[in-house]
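K.L.:
My structure is in work.pdb, and what it holds is PDB, C-alpha atoms:
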```pdb
ATOM      1  CA  MET A   1     -96.404  51.802 -18.333  1.00  0.00           C
ATOM      2  CA  THR A   2     -97.712  52.816 -14.899  1.00  0.00           C
ATOM      3  CA  GLY A   3     -98.480  56.314 -13.654  1.00  0.00           C
ATOM      4  CA  ALA A   4     -98.934  59.178 -16.101  1.00  0.00           C
ATOM      5  CA  ARG A   5     -98.868  57.760 -19.614  1.00  0.00           C
ATOM      6  CA  ALA A   6     -98.602  59.334 -23.037  1.00  0.00           C
ATOM      7  CA  ALA A   7     -99.838  58.079 -26.381  1.00  0.00           C
ATOM      8  CA  LEU A   8     -98.869  59.152 -29.878  1.00  0.00           C
ATOM      9  CA  PHE A   9    -101.439  58.273 -32.540  1.00  0.00           C
ATOM     10  CA  VAL A  10    -100.148  58.052 -36.126  1.00  0.00           C
ATOM     11  CA  HIS A  11    -102.773  58.212 -38.867  1.00  0.00           C
ATOM     12  CA  GLY A  12    -102.892  56.447 -42.203  1.00  0.00           C
ATOM     13  CA  ALA A  13    -102.347  57.645 -45.759  1.00  0.00           C
ATOM     14  CA  GLY A  14    -104.816  60.247 -46.975  1.00  0.00           C
ATOM     15  CA  GLY A  15    -106.106  60.901 -43.477  1.00  0.00           C
ATOM     16  CA  GLY A  16    -105.173  63.013 -40.486  1.00  0.00           C
ATOM     17  CA  GLY A  17    -105.139  63.113 -36.723  1.00  0.00           C
ATOM     18  CA  TRP A  18    -108.947  63.394 -36.848  1.00  0.00           C
ATOM     19  CA  GLU A  19    -109.094  59.655 -37.614  1.00  0.00           C
ATOM     20  CA  TRP A  20    -108.314  59.058 -33.930  1.00  0.00           C
ATOM     21  CA  ASN A  21    -111.099  61.186 -32.424  1.00  0.00           C
ATOM     22  CA  VAL A  22    -112.881  58.162 -30.913  1.00  0.00           C
ATOM     23  CA  TRP A  23    -109.688  56.530 -29.673  1.00  0.00           C
ATOM     24  CA  ARG A  24    -108.483  59.855 -28.260  1.00  0.00           C
ATOM     25  CA  GLY A  25    -111.595  60.102 -26.105  1.00  0.00           C
ATOM     26  CA  VAL A  26    -111.231  56.551 -24.811  1.00  0.00           C
ATOM     27  CA  PHE A  27    -107.525  56.920 -24.040  1.00  0.00           C
ATOM     28  CA  GLU A  28    -107.914  60.316 -22.386  1.00  0.00           C
ATOM     29  CA  ALA A  29    -110.707  58.938 -20.212  1.00  0.00           C
ATOM     30  CA  ALA A  30    -108.229  56.237 -19.131  1.00  0.00           C
ATOM     31  CA  GLY A  31    -105.690  58.861 -18.069  1.00  0.00           C
ATOM     32  CA  PHE A  32    -103.473  59.061 -21.135  1.00  0.00           C
ATOM     33  CA  HIS A  33    -102.011  62.273 -22.487  1.00  0.00           C
ATOM     34  CA  VAL A  34    -102.726  61.963 -26.220  1.00  0.00           C
ATOM     35  CA  GLU A  35    -101.107  63.549 -29.259  1.00  0.00           C
ATOM     36  CA  ALA A  36    -102.524  62.882 -32.732  1.00  0.00           C
ATOM     37  CA  PRO A  37    -100.665  65.172 -35.157  1.00  0.00           C
ATOM     38  CA  ASP A  38    -101.184  65.453 -38.889  1.00  0.00           C
ATOM     39  CA  LEU A  39     -98.290  64.136 -40.974  1.00  0.00           C
ATOM     40  CA  MET A  40     -97.107  67.087 -43.027  1.00  0.00           C
ATOM     41  CA  PRO A  41     -95.895  67.071 -46.648  1.00  0.00           C
ATOM     42  CA  VAL A  42     -92.430  68.533 -47.182  1.00  0.00           C
ATOM     43  CA  HIS A  43     -92.696  72.265 -47.912  1.00  0.00           C
ATOM     44  CA  GLY A  44     -96.346  71.671 -48.683  1.00  0.00           C
ATOM     45  CA  ASP A  45     -95.428  69.545 -51.678  1.00  0.00           C
ATOM     46  CA  VAL A  46     -97.214  66.204 -51.510  1.00  0.00           C
ATOM     47  CA  ALA A  47     -95.472  64.774 -54.582  1.00  0.00           C
ATOM     48  CA  ALA A  48     -92.028  65.559 -53.154  1.00  0.00           C
ATOM     49  CA  THR A  49     -92.702  63.889 -49.802  1.00  0.00           C
ATOM     50  CA  ARG A  50     -90.966  60.603 -49.021  1.00  0.00           C
ATOM     51  CA  LEU A  51     -91.465  57.944 -46.391  1.00  0.00           C
ATOM     52  CA  GLU A  52     -88.446  59.116 -44.417  1.00  0.00           C
ATOM     53  CA  ASP A  53     -89.986  62.600 -44.162  1.00  0.00           C
ATOM     54  CA  TYR A  54     -92.985  61.162 -42.356  1.00  0.00           C
ATOM     55  CA  GLN A  55     -90.759  58.824 -40.357  1.00  0.00           C
ATOM     56  CA  ALA A  56     -88.709  61.735 -39.058  1.00  0.00           C
ATOM     57  CA  GLN A  57     -91.893  63.507 -37.936  1.00  0.00           C
ATOM     58  CA  VAL A  58     -93.065  60.443 -36.027  1.00  0.00           C
ATOM     59  CA  ARG A  59     -89.700  59.956 -34.359  1.00  0.00           C
ATOM     60  CA  ALA A  60     -89.586  63.604 -33.274  1.00  0.00           C
ATOM     61  CA  ALA A  61     -93.162  63.563 -31.965  1.00  0.00           C
ATOM     62  CA  CYS A  62     -92.508  60.367 -30.029  1.00  0.00           C
ATOM     63  CA  ALA A  63     -89.303  61.687 -28.491  1.00  0.00           C
ATOM     64  CA  ALA A  64     -91.118  64.830 -27.332  1.00  0.00           C
ATOM     65  CA  LEU A  65     -93.528  62.831 -25.160  1.00  0.00           C
ATOM     66  CA  PRO A  66     -92.760  61.898 -21.555  1.00  0.00           C
ATOM     67  CA  ARG A  67     -92.283  58.250 -20.668  1.00  0.00           C
ATOM     68  CA  PRO A  68     -93.861  55.829 -20.393  1.00  0.00           C
ATOM     69  CA  ARG A  69     -95.263  56.308 -23.901  1.00  0.00           C
ATOM     70  CA  VAL A  70     -97.129  54.158 -26.368  1.00  0.00           C
ATOM     71  CA  LEU A  71     -97.076  54.422 -30.163  1.00  0.00           C
ATOM     72  CA  VAL A  72    -100.395  53.663 -31.859  1.00  0.00           C
ATOM     73  CA  GLY A  73    -100.399  53.514 -35.660  1.00  0.00           C
ATOM     74  CA  ALA A  74    -102.984  52.598 -38.280  1.00  0.00           C
ATOM     75  CA  SER A  75    -102.289  51.478 -41.853  1.00  0.00           C
ATOM     76  CA  LEU A  76     -99.321  53.568 -43.084  1.00  0.00           C
ATOM     77  CA  GLY A  77     -99.126  54.928 -39.554  1.00  0.00           C
ATOM     78  CA  GLY A  78     -98.574  51.377 -38.322  1.00  0.00           C
ATOM     79  CA  LEU A  79     -95.514  51.006 -40.506  1.00  0.00           C
ATOM     80  CA  LEU A  80     -94.260  54.387 -39.293  1.00  0.00           C
ATOM     81  CA  ALA A  81     -94.871  53.369 -35.683  1.00  0.00           C
ATOM     82  CA  LEU A  82     -92.732  50.288 -36.227  1.00  0.00           C
ATOM     83  CA  GLY A  83     -89.972  52.528 -37.542  1.00  0.00           C
ATOM     84  CA  ALA A  84     -89.995  54.528 -34.312  1.00  0.00           C
ATOM     85  CA  ALA A  85     -90.731  51.683 -31.891  1.00  0.00           C
ATOM     86  CA  ASP A  86     -87.256  51.808 -30.350  1.00  0.00           C
ATOM     87  CA  GLY A  87     -88.384  54.997 -28.619  1.00  0.00           C
ATOM     88  CA  ALA A  88     -91.637  53.576 -27.249  1.00  0.00           C
ATOM     89  CA  ASP A  89     -92.626  51.473 -24.250  1.00  0.00           C
ATOM     90  CA  ALA A  90     -95.464  49.704 -26.092  1.00  0.00           C
ATOM     91  CA  VAL A  91     -96.786  49.589 -29.652  1.00  0.00           C
ATOM     92  CA  VAL A  92    -100.329  49.106 -30.948  1.00  0.00           C
ATOM     93  CA  LEU A  93    -100.717  48.502 -34.691  1.00  0.00           C
ATOM     94  CA  VAL A  94    -104.133  48.719 -36.363  1.00  0.00           C
ATOM     95  CA  ASN A  95    -104.328  47.017 -39.770  1.00  0.00           C
ATOM     96  CA  PRO A  96    -100.734  48.149 -40.353  1.00  0.00           C
ATOM     97  CA  LEU A  97     -99.023  48.258 -43.718  1.00  0.00           C
ATOM     98  CA  PRO A  98     -96.678  45.328 -43.137  1.00  0.00           C
ATOM     99  CA  PRO A  99     -92.886  45.460 -43.188  1.00  0.00           C
ATOM    100  CA  ALA A 100     -90.812  43.158 -45.379  1.00  0.00           C
ATOM    101  CA  PRO A 101     -91.223  40.308 -46.120  1.00  0.00           C
ATOM    102  CA  TRP A 102     -94.972  40.382 -45.432  1.00  0.00           C
ATOM    103  CA  HIS A 103     -95.443  43.315 -47.832  1.00  0.00           C
ATOM    104  CA  ALA A 104     -95.387  40.763 -50.649  1.00  0.00           C
ATOM    105  CA  GLY A 105     -98.936  39.764 -49.714  1.00  0.00           C
ATOM    106  CA  LEU A 106    -100.416  43.224 -50.275  1.00  0.00           C
ATOM    107  CA  PRO A 107    -102.776  43.710 -53.239  1.00  0.00           C
ATOM    108  CA  VAL A 108    -100.951  45.022 -56.306  1.00  0.00           C
ATOM    109  CA  ARG A 109    -101.402  48.793 -56.612  1.00  0.00           C
ATOM    110  CA  ASP A 110    -100.113  51.452 -58.999  1.00  0.00           C
ATOM    111  CA  TRP A 111     -99.730  54.772 -57.183  1.00  0.00           C
ATOM    112  CA  PRO A 112     -99.537  58.091 -59.124  1.00  0.00           C
ATOM    113  CA  ASP A 113     -97.227  60.829 -57.845  1.00  0.00           C
ATOM    114  CA  VAL A 114    -100.192  62.431 -56.092  1.00  0.00           C
ATOM    115  CA  VAL A 115    -102.959  60.089 -54.983  1.00  0.00           C
ATOM    116  CA  PRO A 116    -106.122  62.229 -55.381  1.00  0.00           C
ATOM    117  CA  TRP A 117    -108.066  61.102 -52.350  1.00  0.00           C
ATOM    118  CA  ARG A 118    -109.169  64.701 -51.704  1.00  0.00           C
ATOM    119  CA  CYS A 119    -109.478  65.940 -55.279  1.00  0.00           C
ATOM    120  CA  ALA A 120    -111.378  62.882 -56.473  1.00  0.00           C
ATOM    121  CA  ALA A 121    -113.274  62.163 -53.255  1.00  0.00           C
ATOM    122  CA  ARG A 122    -116.872  61.039 -53.616  1.00  0.00           C
ATOM    123  CA  LEU A 123    -119.307  60.504 -50.778  1.00  0.00           C
ATOM    124  CA  SER A 124    -120.437  57.261 -52.385  1.00  0.00           C
ATOM    125  CA  GLY A 125    -116.834  56.018 -52.482  1.00  0.00           C
ATOM    126  CA  THR A 126    -116.304  56.942 -48.840  1.00  0.00           C
ATOM    127  CA  ARG A 127    -119.478  55.106 -47.877  1.00  0.00           C
ATOM    128  CA  GLU A 128    -118.299  52.042 -49.771  1.00  0.00           C
ATOM    129  CA  ALA A 129    -114.927  52.154 -47.988  1.00  0.00           C
ATOM    130  CA  MET A 130    -116.611  52.552 -44.578  1.00  0.00           C
ATOM    131  CA  PRO A 131    -119.578  50.157 -44.523  1.00  0.00           C
ATOM    132  CA  ASP A 132    -119.344  49.819 -40.746  1.00  0.00           C
ATOM    133  CA  ALA A 133    -119.513  53.584 -40.024  1.00  0.00           C
ATOM    134  CA  ASP A 134    -122.588  55.707 -39.332  1.00  0.00           C
ATOM    135  CA  ASP A 135    -123.705  58.447 -41.712  1.00  0.00           C
ATOM    136  CA  ALA A 136    -122.258  61.327 -39.668  1.00  0.00           C
ATOM    137  CA  THR A 137    -118.816  59.731 -39.479  1.00  0.00           C
ATOM    138  CA  THR A 138    -118.887  58.886 -43.185  1.00  0.00           C
ATOM    139  CA  LEU A 139    -119.709  62.488 -44.093  1.00  0.00           C
ATOM    140  CA  PHE A 140    -117.011  63.829 -41.759  1.00  0.00           C
ATOM    141  CA  ALA A 141    -114.403  61.525 -43.299  1.00  0.00           C
ATOM    142  CA  PHE A 142    -115.476  62.459 -46.821  1.00  0.00           C
ATOM    143  CA  ARG A 143    -114.882  66.124 -45.999  1.00  0.00           C
ATOM    144  CA  HIS A 144    -111.467  65.502 -44.432  1.00  0.00           C
ATOM    145  CA  TRP A 145    -109.625  63.078 -46.727  1.00  0.00           C
ATOM    146  CA  ARG A 146    -106.478  64.583 -48.220  1.00  0.00           C
ATOM    147  CA  ASP A 147    -104.311  63.855 -51.220  1.00  0.00           C
ATOM    148  CA  GLU A 148    -101.311  61.644 -50.495  1.00  0.00           C
ATOM    149  CA  SER A 149     -97.785  61.137 -51.770  1.00  0.00           C
ATOM    150  CA  GLY A 150     -97.594  58.297 -54.244  1.00  0.00           C
ATOM    151  CA  ALA A 151     -93.855  58.056 -53.587  1.00  0.00           C
ATOM    152  CA  VAL A 152     -94.517  57.291 -49.920  1.00  0.00           C
ATOM    153  CA  LEU A 153     -96.931  54.521 -50.820  1.00  0.00           C
ATOM    154  CA  ARG A 154     -94.657  53.091 -53.492  1.00  0.00           C
ATOM    155  CA  GLU A 155     -91.864  52.858 -50.915  1.00  0.00           C
ATOM    156  CA  ALA A 156     -94.157  51.096 -48.476  1.00  0.00           C
ATOM    157  CA  TRP A 157     -95.397  48.684 -51.152  1.00  0.00           C
ATOM    158  CA  ARG A 158     -91.808  47.820 -52.125  1.00  0.00           C
ATOM    159  CA  GLY A 159     -91.210  46.635 -48.582  1.00  0.00           C
ATOM    160  CA  VAL A 160     -89.493  48.262 -45.618  1.00  0.00           C
ATOM    161  CA  ALA A 161     -87.099  46.228 -43.484  1.00  0.00           C
ATOM    162  CA  THR A 162     -88.059  46.701 -39.828  1.00  0.00           C
ATOM    163  CA  GLU A 163     -86.902  44.957 -36.676  1.00  0.00           C
ATOM    164  CA  ARG A 164     -89.353  43.462 -34.247  1.00  0.00           C
ATOM    165  CA  PRO A 165     -90.011  45.967 -31.440  1.00  0.00           C
ATOM    166  CA  ALA A 166     -88.376  45.089 -28.142  1.00  0.00           C
ATOM    167  CA  CYS A 167     -91.383  46.456 -26.250  1.00  0.00           C
ATOM    168  CA  PRO A 168     -94.836  44.829 -25.868  1.00  0.00           C
ATOM    169  CA  MET A 169     -96.784  44.842 -29.141  1.00  0.00           C
ATOM    170  CA  LEU A 170    -100.473  44.445 -30.004  1.00  0.00           C
ATOM    171  CA  CYS A 171    -101.752  43.920 -33.550  1.00  0.00           C
ATOM    172  CA  VAL A 172    -105.378  44.795 -34.278  1.00  0.00           C
ATOM    173  CA  ALA A 173    -106.950  43.207 -37.358  1.00  0.00           C
ATOM    174  CA  SER A 174    -110.315  43.797 -39.019  1.00  0.00           C
ATOM    175  CA  GLY A 175    -112.525  40.860 -39.853  1.00  0.00           C
ATOM    176  CA  HIS A 176    -112.549  42.059 -43.449  1.00  0.00           C
ATOM    177  CA  ASP A 177    -109.943  44.369 -44.969  1.00  0.00           C
ATOM    178  CA  ALA A 178    -109.484  44.795 -48.713  1.00  0.00           C
ATOM    179  CA  ASP A 179    -106.334  46.901 -48.259  1.00  0.00           C
ATOM    180  CA  VAL A 180    -104.317  44.882 -45.738  1.00  0.00           C
ATOM    181  CA  PRO A 181    -105.701  41.331 -45.604  1.00  0.00           C
ATOM    182  CA  PRO A 182    -106.178  40.199 -41.981  1.00  0.00           C
ATOM    183  CA  SER A 183    -104.064  37.133 -42.720  1.00  0.00           C
ATOM    184  CA  ILE A 184    -101.032  39.412 -43.127  1.00  0.00           C
ATOM    185  CA  THR A 185    -101.557  41.114 -39.778  1.00  0.00           C
ATOM    186  CA  ARG A 186    -102.036  37.740 -38.113  1.00  0.00           C
ATOM    187  CA  ALA A 187     -98.831  36.441 -39.728  1.00  0.00           C
ATOM    188  CA  VAL A 188     -96.813  39.421 -38.467  1.00  0.00           C
ATOM    189  CA  ALA A 189     -98.198  38.970 -34.953  1.00  0.00           C
ATOM    190  CA  GLU A 190     -97.445  35.255 -34.939  1.00  0.00           C
ATOM    191  CA  ALA A 191     -93.922  35.624 -36.315  1.00  0.00           C
ATOM    192  CA  TRP A 192     -93.002  38.363 -33.862  1.00  0.00           C
ATOM    193  CA  GLY A 193     -94.744  36.904 -30.823  1.00  0.00           C
ATOM    194  CA  ALA A 194     -97.094  39.864 -30.557  1.00  0.00           C
ATOM    195  CA  ASP A 195    -100.597  39.766 -29.131  1.00  0.00           C
ATOM    196  CA  LEU A 196    -103.455  39.821 -31.631  1.00  0.00           C
ATOM    197  CA  LEU A 197    -106.853  41.461 -31.290  1.00  0.00           C
ATOM    198  CA  GLN A 198    -109.103  40.074 -34.016  1.00  0.00           C
ATOM    199  CA  THR A 199    -112.121  42.346 -34.473  1.00  0.00           C
ATOM    200  CA  VAL A 200    -115.389  42.092 -36.381  1.00  0.00           C
ATOM    201  CA  SER A 201    -114.789  45.404 -38.159  1.00  0.00           C
ATOM    202  CA  GLY A 202    -115.743  45.155 -41.807  1.00  0.00           C
ATOM    203  CA  SER A 203    -113.258  47.584 -43.333  1.00  0.00           C
ATOM    204  CA  HIS A 204    -109.680  48.835 -43.260  1.00  0.00           C
ATOM    205  CA  VAL A 205    -110.604  51.947 -41.270  1.00  0.00           C
ATOM    206  CA  GLY A 206    -113.371  50.290 -39.261  1.00  0.00           C
ATOM    207  CA  PRO A 207    -111.406  49.930 -35.984  1.00  0.00           C
ATOM    208  CA  LEU A 208    -110.991  53.739 -35.956  1.00  0.00           C
ATOM    209  CA  LEU A 209    -114.133  55.023 -37.645  1.00  0.00           C
ATOM    210  CA  GLY A 210    -116.675  52.202 -37.458  1.00  0.00           C
ATOM    211  CA  ARG A 211    -119.424  51.670 -34.936  1.00  0.00           C
ATOM    212  CA  GLU A 212    -117.188  49.327 -32.922  1.00  0.00           C
ATOM    213  CA  ALA A 213    -114.300  51.823 -32.654  1.00  0.00           C
ATOM    214  CA  ALA A 214    -114.844  52.824 -29.029  1.00  0.00           C
ATOM    215  CA  GLY A 215    -115.016  49.207 -27.905  1.00  0.00           C
ATOM    216  CA  ILE A 216    -111.861  48.310 -29.808  1.00  0.00           C
ATOM    217  CA  ALA A 217    -110.029  51.303 -28.322  1.00  0.00           C
ATOM    218  CA  ALA A 218    -111.149  50.205 -24.854  1.00  0.00           C
ATOM    219  CA  GLN A 219    -109.747  46.729 -25.493  1.00  0.00           C
ATOM    220  CA  ALA A 220    -106.441  48.318 -26.517  1.00  0.00           C
ATOM    221  CA  VAL A 221    -106.381  50.231 -23.218  1.00  0.00           C
ATOM    222  CA  GLU A 222    -107.112  47.014 -21.338  1.00  0.00           C
ATOM    223  CA  TRP A 223    -104.210  45.338 -23.118  1.00  0.00           C
ATOM    224  CA  LEU A 224    -101.907  48.227 -22.197  1.00  0.00           C
ATOM    225  CA  ASN A 225    -102.994  47.931 -18.567  1.00  0.00           C
ATOM    226  CA  ARG A 226    -102.209  44.204 -18.581  1.00  0.00           C
ATOM    227  CA  ALA A 227     -98.851  44.875 -20.242  1.00  0.00           C
ATOM    228  CA  ALA A 228     -98.065  47.402 -17.525  1.00  0.00           C
ATOM    229  CA  LYS A 229     -98.815  44.894 -14.767  1.00  0.00           C
ATOM    230  CA  ALA A 230     -96.814  42.178 -16.510  1.00  0.00           C
ATOM    231  CA  GLY A 231     -93.867  44.537 -16.912  1.00  0.00           C
TER     232      GLY A 231
END
```
Could the structure of this file be written out as structure tokens, please?
P.N.:
Amino acid sequence: MTGARAALFVHGAGGGGWEWNVWRGVFEAAGFHVEAPDLMPVHGDVAATRLEDYQAQVRAACAALPRPRVLVGASLGGLLALGAADGADAVVLVNPLPPAPWHAGLPVRDWPDVVPWRCAARLSGTREAMPDADDATTLFAFRHWRDESGAVLREAWRGVATERPACPMLCVASGHDADVPPSITRAVAEAWGADLLQTVSGSHVGPLLGREAAGIAAQAVEWLNRAAKAG
């Protein structure tokens, strides 16, 4: 992890590479080459898209980066990062959708074929989901949510078997998260011997979009620097 480093940021369901704008700035200032692509639905058909379609995109994007390279994933992107971790030199997971067997602790959800996060978006709902974000960020997110594949989320909620990454791993957990309870992220970190960064963020997307996002990203960079020295 020394010298020129690359980072692939993988966004969560209903979002896009824009979710990483703050983290991108922090990582680039620390000398990382950053890629934060949008996950693309198959042939533009959200309902027809499956988890493996996104997984293949993440694997290809990771393989295209020079080494050493770090995979950074949030929410659904965390699960996808785990699925491609064999091609990375370090992994950072932010409130990740957990692999099996920890998926059993997720809140029960019923996902339609197309989750209408764009079509049914409301500014009030975005503000409620992002209590730790400023008004400008909340408005930007409201304008950029997208509809998501219910099939992808149903697959994730059924549980995906994933091996513990062989590379260094950091789990970042919000202080309060109604989507992925912090206790799940802590349990994954403990079981797999990963490092844990417990934050005060008050929402699922807070570590990326909240007022503390830049500080949390800086702590992730510090962890990567320590991992590089230890390696």
K.L.:
Identify, on the basis of all atoms listed in the file, every residue whose closest approach to Trp145 of chain A does not exceed 8 Å; exclude the query and any residue fewer than 3 positions from it along the same chain; express the result as a VMD selection string.
P.N.:
chain A and resid 14 to 16 117 to 118 121 141 to 142
K.L.:
Since I can't run it myself right now, could you work out what the PyMOL selection byres ((chain A and resi 182-198) around 6) selects here and report it as a list in words?
P.N.:
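When the PyMOL selection byres ((chain A and resi 182-198) around 6) is applied to the shown file, the picked residues are Met169, Leu170, Cys171, Val172, Ala173, Pro181 and Thr199 of chain A.
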K.L.:
Can you check which parts of segment 69-123 of chain A lie within 9 Å of segment 33-47 of chain A? Per residue, the shortest pair of atoms and distance in Å to one decimal, counting only C-alpha atoms, sorted by chain and number, as a tab-separated table.
P.N.:
```
residue	atom	partner	partner_atom	distance
A:Asp113	CA	A:Ala47	CA	5.4
A:Val114	CA	A:Ala47	CA	5.5
A:Val115	CA	A:Ala47	CA	8.8
```
K.L.:
Expand the PyMOL selection byres ((chain A and resi 84) around 8) into the explicit residue set it covers here, and present it as an NGL selection string.
P.N.:
:A and (55 or 58-59 or 62 or 80-83 or 85-88)
K.L.:
Report, as JSON, the axis-aligned box around all atoms of segment 99-104 of chain A present in the file, extended by 5 Å on each side; give centre and edge lengths in Å to one decimal place.
P.N.:
```
{"center_x": -93.1, "center_y": 42.9, "center_z": -46.9, "size_x": 14.6, "size_y": 15.2, "size_z": 17.5}
```
K.L.:
Hey, which of A:Arg211, A:Gly73, A:Val152, A:Thr49 ends up closest to Val10 of chain A? Count all atoms listed in the file.
P.N.:
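Closest to Val10 of chain A, using all atoms listed in the file: A:Gly73.
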K.L.:
Rounded to one decimal place, report the atom CA of Pro207 of chain A-atom CA of Leu8 of chain A distance in Å.
P.N.:
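Computed distance, atom CA of Pro207 of chain A to atom CA of Leu8 of chain A, equals 16.7 Å.
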K.L.:
Between A:Trp102, A:Ala56, A:Val70, A:Thr138, which one has atoms that come closest to Leu208 of chain A, using only C-alpha atoms?
P.N.:
A:Thr138
K.L.:
What separation in Å, quoted to one decimal, exists between atom CA of Ala64 of chain A and atom CA of Ala7 of chain A?
P.N.:
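Going from atom CA of Ala64 of chain A over to atom CA of Ala7 of chain A, I get 11.1 Å.
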K.L.:
To one decimal in Å, tell me the separation between atom CA of Gly25 of chain A and atom CA of Ala218 of chain A.
P.N.:
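Here the two named atoms are 10.0 Å from each other.
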K.L.:
Which residue out of A:Phe27, A:Trp20, A:Tyr54, A:Phe140 has the minimum interatomic distance to Arg5 of chain A when all atoms listed in the file are used?
P.N.:
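Among A:Phe27, A:Trp20, A:Tyr54, A:Phe140, it is A:Phe27 that comes nearest to Arg5 of chain A.
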K.L.:
Neighbouring residues of segment 155-167 of chain A were defined as those with any atom within 6 Å, considering all atoms listed in the file; residues of the same chain fewer than 3 positions away were excluded. Please report them as an MDAnalysis selection string.
P.N.:
chainID A and resid 85 89:90 99:100 103 152
K.L.:
Save out the residues we just selected, C-alpha atoms, as an mmCIF file, keeping the file's coordinate frame.
P.N.:
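New file again14.cif:
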```
data_model
loop_
_atom_site.group_PDB
_atom_site.id
_atom_site.type_symbol
_atom_site.label_atom_id
_atom_site.label_comp_id
_atom_site.auth_asym_id
_atom_site.auth_seq_id
_atom_site.Cartn_x
_atom_site.Cartn_y
_atom_site.Cartn_z
ATOM 1 C CA ALA A 85 -90.731 51.683 -31.891
ATOM 2 C CA ASP A 89 -92.626 51.473 -24.250
ATOM 3 C CA ALA A 90 -95.464 49.704 -26.092
ATOM 4 C CA PRO A 99 -92.886 45.460 -43.188
ATOM 5 C CA ALA A 100 -90.812 43.158 -45.379
ATOM 6 C CA HIS A 103 -95.443 43.315 -47.832
ATOM 7 C CA VAL A 152 -94.517 57.291 -49.920
#
```
K.L.:
From the options A:Gly150, A:Pro131, A:Gly206, A:Pro66, which residue's atoms come nearest to Pro116 of chain A, counting only C-alpha atoms?
P.N.:
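Once distances to Pro116 of chain A are computed over only C-alpha atoms, the minimum belongs to A:Gly150.
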K.L.:
Selection in question (the file shown): the PyMOL selection byres ((chain A and resi 78) around 8). Which residues does it include, as a ChimeraX atom specification?
P.N.:
/A:10,12,72-77,79-82,92-98
K.L.:
With 12 Å as the threshold, what does the neighbourhood of (-118.5, 52.5, -49.2) contain in terms of residues, counting all atoms listed in the file? Coordinates are those of the file; answer as a list in words.
P.N.:
Ala121, Arg122, Leu123, Ser124, Gly125, Thr126, Arg127, Glu128, Ala129, Met130, Pro131, Asp132, Ala133, Asp134, Asp135, Thr138, Leu139, Ala141, Phe142, Ala178, Gly202, Ser203, His204, Val205, Gly206 and Gly210 of chain A
K.L.:
So which one's closest to Gly31 of chain A, A:Ala220, A:Leu209, A:Ala6, A:Ala227? Using only C-alpha atoms, please.
P.N.:
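Closest residue, counting only C-alpha atoms: A:Ala6.
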